[in-house]
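Quick look at my_file34.txt (compact mmCIF, C-alpha atoms and all ligand atoms):
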# COMPACT_ATOMS: atom_id res chain seq x y z
CA MET X 1 86.86 72.89 89.71
CA SER X 2 89.28 75.72 89.32
CA ILE X 3 90.90 77.65 92.09
CA ILE X 4 92.00 81.20 91.47
CA TRP X 5 94.82 81.78 93.90
CA SER X 6 95.65 85.41 93.62
CA SER X 7 95.44 88.37 95.92
CA SER X 8 94.72 90.51 92.86
CA LEU X 9 91.13 89.73 93.85
CA LEU X 10 91.69 92.24 96.60
CA TRP X 11 92.79 95.14 94.46
CA PRO X 12 89.42 96.71 93.82
CA TYR X 13 88.68 96.54 97.54
CA LEU X 14 92.07 97.68 98.78
CA ALA X 15 91.87 100.75 96.57
CA HIS X 16 89.23 102.02 98.99
CA GLU X 17 91.42 101.67 102.01
CA ARG X 18 92.09 105.04 103.58
CA ALA X 19 95.40 106.33 104.84
CA LEU X 20 95.70 105.66 108.54
CA PRO X 21 95.79 108.61 110.90
CA LYS X 22 99.29 109.23 112.18
CA GLY X 23 100.23 108.86 115.82
CA GLU X 24 98.34 107.64 118.80
CA GLU X 25 97.74 111.21 119.93
CA ALA X 26 95.58 111.93 116.91
CA MET X 27 93.85 108.59 117.37
CA SER X 28 92.98 108.98 121.00
CA SER X 29 91.74 112.51 120.51
CA SER X 30 89.50 111.41 117.66
CA LEU X 31 88.24 108.53 119.78
CA ARG X 32 87.57 110.94 122.59
CA TRP X 33 85.70 113.13 120.15
CA MET X 34 83.60 110.13 119.19
CA GLY X 35 83.01 109.43 122.87
CA LEU X 36 84.74 106.07 122.50
CA ALA X 37 87.87 106.61 124.52
CA PRO X 38 87.62 104.61 127.71
CA PRO X 39 88.56 106.15 131.06
CA ASP X 40 92.09 105.51 132.30
CA GLU X 41 91.02 102.89 134.85
CA ARG X 42 89.41 100.75 132.16
CA PRO X 43 92.37 98.52 131.25
CA ARG X 44 92.62 97.34 134.84
CA ARG X 45 88.95 96.63 135.14
CA MET X 46 88.97 94.89 131.77
CA MET X 47 91.77 92.63 132.85
CA LYS X 48 89.79 91.66 135.94
CA VAL X 49 86.82 90.71 133.82
CA VAL X 50 89.13 88.78 131.55
CA SER X 51 90.59 86.92 134.49
CA LEU X 52 87.16 85.67 135.52
CA GLN X 53 86.19 84.69 132.02
CA LEU X 54 89.34 82.84 131.15
CA THR X 55 89.75 81.14 134.49
CA LEU X 56 93.50 81.39 134.00
CA PRO X 57 95.58 81.16 137.15
CA VAL X 58 95.56 84.39 139.11
CA ALA X 59 99.35 84.42 139.15
CA ILE X 60 99.53 84.65 135.37
CA LEU X 61 97.08 87.51 135.32
CA THR X 62 99.06 89.37 137.91
CA ILE X 63 102.00 89.20 135.53
CA VAL X 64 99.75 90.42 132.72
CA PHE X 65 98.93 93.49 134.84
CA LEU X 66 102.52 94.24 135.64
CA THR X 67 103.82 93.86 132.10
CA THR X 68 101.05 96.10 130.75
CA GLY X 69 102.06 98.93 133.04
CA ARG X 70 105.76 98.54 132.49
CA ALA X 71 105.59 98.18 128.73
CA THR X 72 103.40 101.27 128.36
CA SER X 73 106.13 103.60 129.52
CA ALA X 74 108.96 101.53 128.06
CA ASP X 75 107.28 101.58 124.63
CA ARG X 76 107.72 105.33 124.42
CA ALA X 77 111.45 104.79 124.51
CA GLY X 78 111.21 102.36 121.55
CA ALA X 79 110.99 98.60 121.14
CA SER X 80 114.15 97.48 122.93
CA LYS X 81 115.00 93.78 123.11
CA GLY X 82 113.98 93.49 126.77
CA THR X 83 110.71 95.25 126.12
CA LEU X 84 109.99 93.02 123.15
CA GLU X 85 110.60 89.89 125.20
CA ALA X 86 108.30 91.12 127.97
CA LYS X 87 105.62 91.84 125.37
CA ILE X 88 105.96 88.41 123.77
CA ALA X 89 105.55 86.81 127.20
CA TYR X 90 102.47 88.92 127.74
CA CYS X 91 100.88 87.74 124.46
CA GLN X 92 101.85 84.14 125.30
CA ASP X 93 99.93 84.31 128.58
CA CYS X 94 96.72 84.40 126.58
CA HIS X 95 97.56 83.11 123.09
CA GLY X 96 99.70 80.18 124.29
CA ALA X 97 103.46 79.65 124.43
CA LEU X 98 103.63 78.96 120.67
CA GLY X 99 100.69 81.17 119.73
CA GLN X 100 98.52 78.06 119.32
CA GLY X 101 95.49 79.69 120.94
CA TYR X 102 93.59 78.92 124.11
CA ARG X 103 90.36 76.99 124.52
CA GLY X 104 88.59 78.80 127.32
CA TYR X 105 85.21 80.24 128.05
CA TYR X 106 86.14 82.96 125.57
CA PRO X 107 88.26 81.33 122.84
CA ILE X 108 91.57 83.07 122.19
CA PRO X 109 92.64 82.71 118.57
CA ARG X 110 95.72 81.04 117.22
CA ILE X 111 98.19 83.69 116.05
CA ALA X 112 101.02 81.28 115.16
CA GLY X 113 101.99 81.28 111.49
CA GLN X 114 99.72 84.22 110.80
CA GLN X 115 100.41 86.53 107.85
CA THR X 116 102.29 89.56 109.15
CA GLU X 117 100.32 92.11 107.10
CA TYR X 118 97.03 90.75 108.40
CA PHE X 119 98.36 90.53 111.98
CA GLU X 120 99.57 94.13 112.03
CA ASN X 121 96.41 95.43 110.39
CA GLN X 122 94.24 93.71 113.02
CA LEU X 123 96.25 95.27 115.85
CA ARG X 124 95.66 98.68 114.26
CA ALA X 125 92.00 97.80 113.66
CA TYR X 126 91.41 97.26 117.39
CA VAL X 127 92.99 100.63 118.24
CA GLU X 128 91.07 102.44 115.52
CA HIS X 129 87.79 100.79 116.55
CA ARG X 130 87.45 99.22 113.13
CA ARG X 131 87.38 95.88 114.93
CA ARG X 132 85.48 95.70 118.19
CA ASN X 133 87.03 93.85 121.12
CA ASN X 134 87.77 95.46 124.48
CA ILE X 135 90.47 92.99 125.47
CA MET X 136 92.57 93.50 122.36
CA PHE X 137 91.84 97.24 122.28
CA ASN X 138 93.60 97.55 125.62
CA VAL X 139 96.41 95.23 124.54
CA ALA X 140 97.03 96.91 121.18
CA ARG X 141 96.75 100.58 122.02
CA VAL X 142 100.12 100.70 123.76
CA LEU X 143 102.02 98.98 120.93
CA SER X 144 104.25 101.15 118.74
CA PRO X 145 104.41 100.40 114.98
CA SER X 146 107.87 98.83 115.40
CA MET X 147 106.60 96.68 118.26
CA ARG X 148 103.61 95.54 116.19
CA ALA X 149 105.94 94.53 113.36
CA ALA X 150 108.33 92.70 115.70
CA LEU X 151 105.48 90.77 117.34
CA ALA X 152 103.97 89.85 113.96
CA GLY X 153 107.33 88.47 112.83
CA LYS X 154 107.81 86.54 116.04
CA PHE X 155 104.45 84.75 115.98
CA ARG X 156 104.65 84.17 112.21
CA ALA X 157 107.65 81.92 112.85
CA PHE X 158 105.86 79.56 115.26
CA ASN X 159 104.33 76.38 113.82
CA PRO X 160 102.60 74.42 116.60
CA ARG X 161 100.16 71.58 115.92
CA PRO X 162 96.56 72.74 115.64
CA LEU X 163 94.41 72.29 118.76
CA ALA X 164 92.01 70.43 116.43
CA ASP X 165 89.01 70.85 118.69
CA GLY X 166 86.28 70.93 116.01
CA PRO X 167 83.83 68.10 115.36
CA ARG X 168 85.49 65.62 112.97
CA GLY X 169 82.18 64.53 111.51
CA LEU X 170 81.79 67.95 109.82
CA VAL X 171 85.22 68.03 108.19
CA ALA X 172 84.22 66.44 104.84
CA ARG X 173 81.34 68.88 104.26
CA GLY X 174 83.59 71.73 105.37
CA GLU X 175 86.27 70.76 102.89
CA GLN X 176 83.73 70.86 100.06
CA ILE X 177 82.64 74.39 101.02
CA PHE X 178 86.20 75.57 101.51
CA GLN X 179 87.52 74.25 98.21
CA SER X 180 84.47 74.73 95.95
CA GLY X 181 82.22 77.28 97.68
CA VAL X 182 78.43 77.01 97.68
CA PRO X 183 77.42 77.79 94.07
CA GLU X 184 73.64 77.75 94.74
CA SER X 185 74.10 80.51 97.38
CA ASN X 186 76.68 82.39 95.34
CA ILE X 187 79.41 81.79 97.94
CA ALA X 188 82.92 81.83 96.50
CA ALA X 189 85.39 79.10 97.35
CA CYS X 190 87.28 80.13 100.49
CA ALA X 191 90.37 78.64 98.85
CA ALA X 192 90.22 81.28 96.12
CA CYS X 193 91.34 83.89 98.63
CA HIS X 194 92.68 82.02 101.66
CA GLY X 195 94.68 79.60 99.48
CA PRO X 196 94.12 75.86 98.96
CA ASP X 197 95.98 75.11 102.22
CA ALA X 198 94.24 77.94 104.10
CA THR X 199 97.56 79.60 104.87
CA GLY X 200 96.49 83.00 103.51
CA SER X 201 98.64 85.74 102.04
CA GLU X 202 99.29 89.36 102.95
CA GLN X 203 95.99 90.87 104.17
CA ILE X 204 94.18 87.53 103.84
CA PRO X 205 94.55 85.57 107.07
CA ARG X 206 95.76 82.05 107.61
CA LEU X 207 92.84 79.91 108.79
CA ALA X 208 94.68 76.59 109.03
CA GLY X 209 94.66 75.35 112.62
CA GLN X 210 92.45 78.18 113.85
CA LEU X 211 90.25 77.36 116.86
CA TYR X 212 86.82 75.99 116.00
CA PRO X 213 84.74 78.13 118.39
CA TYR X 214 86.68 81.25 117.36
CA VAL X 215 86.01 80.74 113.63
CA VAL X 216 82.33 80.01 114.30
CA ARG X 217 81.97 83.15 116.40
CA VAL X 218 83.85 85.37 113.94
CA LEU X 219 81.75 84.26 110.97
CA ALA X 220 78.46 84.46 112.85
CA ASN X 221 79.18 87.96 114.19
CA TRP X 222 81.06 89.50 111.27
CA SER X 223 79.21 92.80 110.98
CA LYS X 224 79.01 93.28 114.73
CA GLU X 225 82.77 93.14 115.23
CA ARG X 226 84.49 94.05 111.98
CA GLY X 227 84.34 97.16 109.81
CA GLN X 228 82.97 99.16 112.74
CA ASN X 229 84.43 102.52 111.80
CA PRO X 230 82.41 103.84 108.82
CA ALA X 231 84.88 106.70 108.34
CA ASN X 232 87.63 104.16 107.81
CA PRO X 233 86.39 101.21 105.71
CA ASP X 234 88.85 98.32 105.52
CA THR X 235 89.55 94.83 104.23
CA SER X 236 86.77 93.38 106.39
CA ILE X 237 84.31 94.44 103.69
CA ILE X 238 85.66 91.67 101.44
CA MET X 239 84.51 88.95 103.85
CA LYS X 240 81.16 90.55 104.65
CA PRO X 241 79.09 89.02 101.80
CA VAL X 242 80.71 85.62 102.41
CA ALA X 243 80.01 85.66 106.15
CA HIS X 244 76.43 86.85 105.62
CA SER X 245 75.64 84.18 103.03
CA LEU X 246 76.83 81.20 105.05
CA THR X 247 74.19 79.36 107.08
CA ARG X 248 74.98 78.26 110.65
CA PRO X 249 75.54 74.59 109.63
CA GLN X 250 77.84 75.73 106.80
CA ILE X 251 79.80 77.92 109.20
CA GLU X 252 80.26 75.02 111.61
CA ALA X 253 81.36 72.67 108.82
CA VAL X 254 83.95 75.02 107.33
CA ALA X 255 85.23 75.93 110.81
CA ALA X 256 85.69 72.24 111.60
CA TYR X 257 87.62 71.74 108.36
CA VAL X 258 90.12 74.59 108.74
CA ASN X 259 90.56 73.77 112.39
CA HIS X 260 92.09 70.39 111.57
CA LEU X 261 94.50 71.72 108.91
CA ARG X 262 98.16 71.90 109.75
C1 LIG M 1 94.12 88.98 128.07
C2 LIG M 1 94.26 88.04 126.96
C3 LIG M 1 95.03 88.49 125.73
C4 LIG M 1 96.30 89.02 125.69
C5 LIG M 1 97.25 89.36 126.84
C6 LIG M 1 96.60 89.19 124.28
N1 LIG M 1 95.54 88.80 123.51
FE1 LIG M 1 95.42 88.92 121.48
N2 LIG M 1 93.50 88.27 121.53
C7 LIG M 1 92.82 87.92 122.68
C8 LIG M 1 91.45 87.61 122.33
C9 LIG M 1 90.35 87.18 123.29
C10 LIG M 1 91.35 87.80 120.93
C11 LIG M 1 90.08 87.66 120.06
C12 LIG M 1 89.46 89.02 119.95
C13 LIG M 1 88.39 89.11 118.92
O1 LIG M 1 87.56 88.20 118.84
O2 LIG M 1 88.39 90.11 118.18
C14 LIG M 1 92.65 88.19 120.47
C15 LIG M 1 92.96 88.48 119.13
C16 LIG M 1 94.22 88.81 118.66
C17 LIG M 1 94.56 89.00 117.27
C18 LIG M 1 93.64 88.85 116.08
C19 LIG M 1 93.71 87.42 115.61
C20 LIG M 1 92.96 87.13 114.34
O3 LIG M 1 93.05 85.99 113.87
O4 LIG M 1 92.31 88.02 113.79
C21 LIG M 1 95.89 89.30 117.23
C22 LIG M 1 96.72 89.58 115.99
C23 LIG M 1 96.37 89.31 118.59
N3 LIG M 1 95.33 89.01 119.44
C24 LIG M 1 97.67 89.59 118.95
C25 LIG M 1 98.10 89.73 120.28
C26 LIG M 1 99.41 90.18 120.65
C27 LIG M 1 100.52 90.52 119.66
C28 LIG M 1 99.46 90.22 122.01
C29 LIG M 1 100.58 90.67 122.92
C30 LIG M 1 101.02 92.04 122.73
C31 LIG M 1 98.15 89.78 122.49
N4 LIG M 1 97.35 89.50 121.40
C32 LIG M 1 97.80 89.69 123.82
C33 LIG M 1 93.33 87.87 123.97
C34 LIG M 1 94.56 88.37 124.36
C1 LIG M 2 87.24 87.39 98.11
C2 LIG M 2 88.23 86.88 99.04
C3 LIG M 2 87.75 86.00 100.19
C4 LIG M 2 86.94 84.89 100.13
C5 LIG M 2 86.28 84.26 98.93
C6 LIG M 2 86.86 84.38 101.49
N1 LIG M 2 87.59 85.19 102.34
FE1 LIG M 2 87.71 84.99 104.35
N2 LIG M 2 88.80 86.72 104.48
C7 LIG M 2 89.20 87.47 103.40
C8 LIG M 2 89.88 88.66 103.89
C9 LIG M 2 90.46 89.78 103.05
C10 LIG M 2 89.88 88.57 105.29
C11 LIG M 2 90.44 89.60 106.28
C12 LIG M 2 89.31 90.52 106.69
C13 LIG M 2 89.73 91.64 107.61
O1 LIG M 2 90.76 92.28 107.36
O2 LIG M 2 88.96 91.92 108.57
C14 LIG M 2 89.20 87.33 105.62
C15 LIG M 2 88.99 86.89 106.93
C16 LIG M 2 88.38 85.70 107.26
C17 LIG M 2 88.22 85.19 108.60
C18 LIG M 2 88.69 85.86 109.89
C19 LIG M 2 89.95 85.17 110.37
C20 LIG M 2 90.43 85.58 111.72
O3 LIG M 2 91.52 85.13 112.08
O4 LIG M 2 89.74 86.33 112.42
C21 LIG M 2 87.59 83.98 108.51
C22 LIG M 2 87.19 83.07 109.66
C23 LIG M 2 87.35 83.73 107.11
N3 LIG M 2 87.84 84.79 106.37
C24 LIG M 2 86.72 82.60 106.62
C25 LIG M 2 86.38 82.42 105.28
C26 LIG M 2 85.60 81.30 104.81
C27 LIG M 2 85.12 80.16 105.67
C28 LIG M 2 85.41 81.49 103.46
C29 LIG M 2 84.63 80.63 102.48
C30 LIG M 2 83.26 80.29 102.84
C31 LIG M 2 86.09 82.73 103.12
N4 LIG M 2 86.67 83.26 104.24
C32 LIG M 2 86.13 83.27 101.85
C33 LIG M 2 88.97 87.18 102.07
C34 LIG M 2 88.15 86.18 101.59
In structure tokens, what does this structure look like?
Amino acid sequence: MSIIWSSSLLWPYLAHERALPKGEEAMSSSLRWMGLAPPDERPRRMMKVVSLQLTLPVAILTIVFLTTGRATSADRAGASKGTLEAKIAYCQDCHGALGQGYRGYYPIPRIAGQQTEYFENQLRAYVEHRRRNNIMFNVARVLSPSMRAALAGKFRAFNPRPLADGPRGLVARGEQIFQSGVPESNIAACAACHGPDATGSEQIPRLAGQLYPYVVRVLANWSKERGQNPANPDTSIIMKPVAHSLTRPQIEAVAAYVNHLR
């Protein structure tokens, strides 16, 4: 078995990546043009829905509300230290104190130890409707580029133990798929891109320690949530054939494997 560990695999794909539109003004007007811009009241309503789904304490969600409002105006003045700390606390309310993720009704992914390039690109993807998720759209759209970079650096530095919530019985089969792929279905080894330890590099995300139900959902729904803006194709296209070729049992096995990795 040979593992090609090189992000040069990405070059042909990345060459297609388009320049990102500059400024949130341009973005929101193009979203409005596409009929996608939500009304102003939407963030509040969204957060209410979130509060029911996550069954987090009401007190925490009240703080989430307040920090959203405050940071929106403060962001325009730049990412000051105080603002950054308030933002980090806001992310921690959902993603966990160390970015380890949260096992709720709607799983919230681990962001600890994540590659900064991938992290920042996903935040932009939510805003640009390349990646579909209402919660993170509302979180990300108020973040300035410098704030996105600062948050990516902050969570990259955390290294909590994985929640390890996936079924242990599937780990061995998952390891086989991860390290060697599924040759009969033409599925490349995940390790070829994500690295033998699943820690990723640059635009390729870390999967080690990621929540089991999150990985299962992401792989099962790939084309419903990623690469959603045809005018702006992105790195999600690289994973598309992989996600489509995996069967449900294979998805569960590989999710269980990465979930237990430190
Ligand atoms: C109200 C809860 C909530 C808050 C607050 C929140 N997030 Fe999230 N975040 C989520 C959920 C849920 C997802 C999964 C969305 C999806 O499936 O696309 C997510 C996904 C992400 C992802 C993509 C992870 C991946 O592996 O692709 C990043 C990066 C992220 N959040 C960063 C942040 C940052 C930075 C903050 C603070 C500014 C933050 N989030 C605040 C709930 C939240
Ligand atoms: C050819 C390179 C390549 C291969 C092979 C590959 N991936 Fe990926 N994967 C990527 C890239 C690039 C992304 C980021 C996609 C994006 O930007 O939306 C990604 C993203 C993911 C994500 C989303 C992570 C998150 O935090 O949301 C999961 C899960 C994933 N891959 C699992 C796998 C599994 C399991 C395999 C093996 C069966 C695999 N990948 C094989 C390149 C690859």
(request) Find the residue from X:Ser236, X:Gln115, X:Asn159, X:Gln250 that sits nearest to ligand LIG 2 (chain M); use only C-alpha atoms and all ligand atoms when measuring. (result) X:Ser236
(request) Identify, on the basis of all atoms listed in the file, every residue whose closest approach to X:Thr247 does not exceed 12 Å; exclude the query and any residue fewer than 3 positions from it along the same chain; express the result as a list in words. (result)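 Neighbouring residues, sequence-local ones excluded: Ile177, Val182, Ser185, Ile187, Val216, Leu219, Ala220, Val242, Ala243, His244, Gln250, Ile251, Glu252, Ala253 and Val254 of chain X.
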Padding of 8 Å on every side, edges along x, y and z, all listed atoms of ligand LIG 2 (chain M) included: what centre and edge lengths in Å, to one decimal, does that box have, as JSON?
{"center_x": 87.4, "center_y": 86.2, "center_z": 105.3, "size_x": 24.3, "size_y": 28.1, "size_z": 30.3}
(message) Nearest residue to ligand LIG 2 (chain M) out of X:Lys87, X:Lys81, X:Arg262, X:Lys224, using all atoms listed in the file?
(response)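 Of all the options, X:Lys224 lies closest to ligand LIG 2 (chain M).
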(request) Please identify every polymer residue within 8 Å of ligand LIG 1 (chain M), using only C-alpha atoms and all ligand atoms, and present the set as a VMD selection string. (result) chain X and resid 47 50 to 51 61 64 87 to 95 106 to 111 114 118 to 120 122 to 123 126 131 to 133 135 to 136 139 to 140 143 148 151 to 152 155 205 to 207 210 214 217 to 218 225
(request) Point out the residue among X:Ala112, X:Met147, X:Val258, X:Val127 with the least atom-to-atom distance to X:Tyr212, counting only C-alpha atoms. (result)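 With only C-alpha atoms as the atom set, the closest residue is X:Val258.
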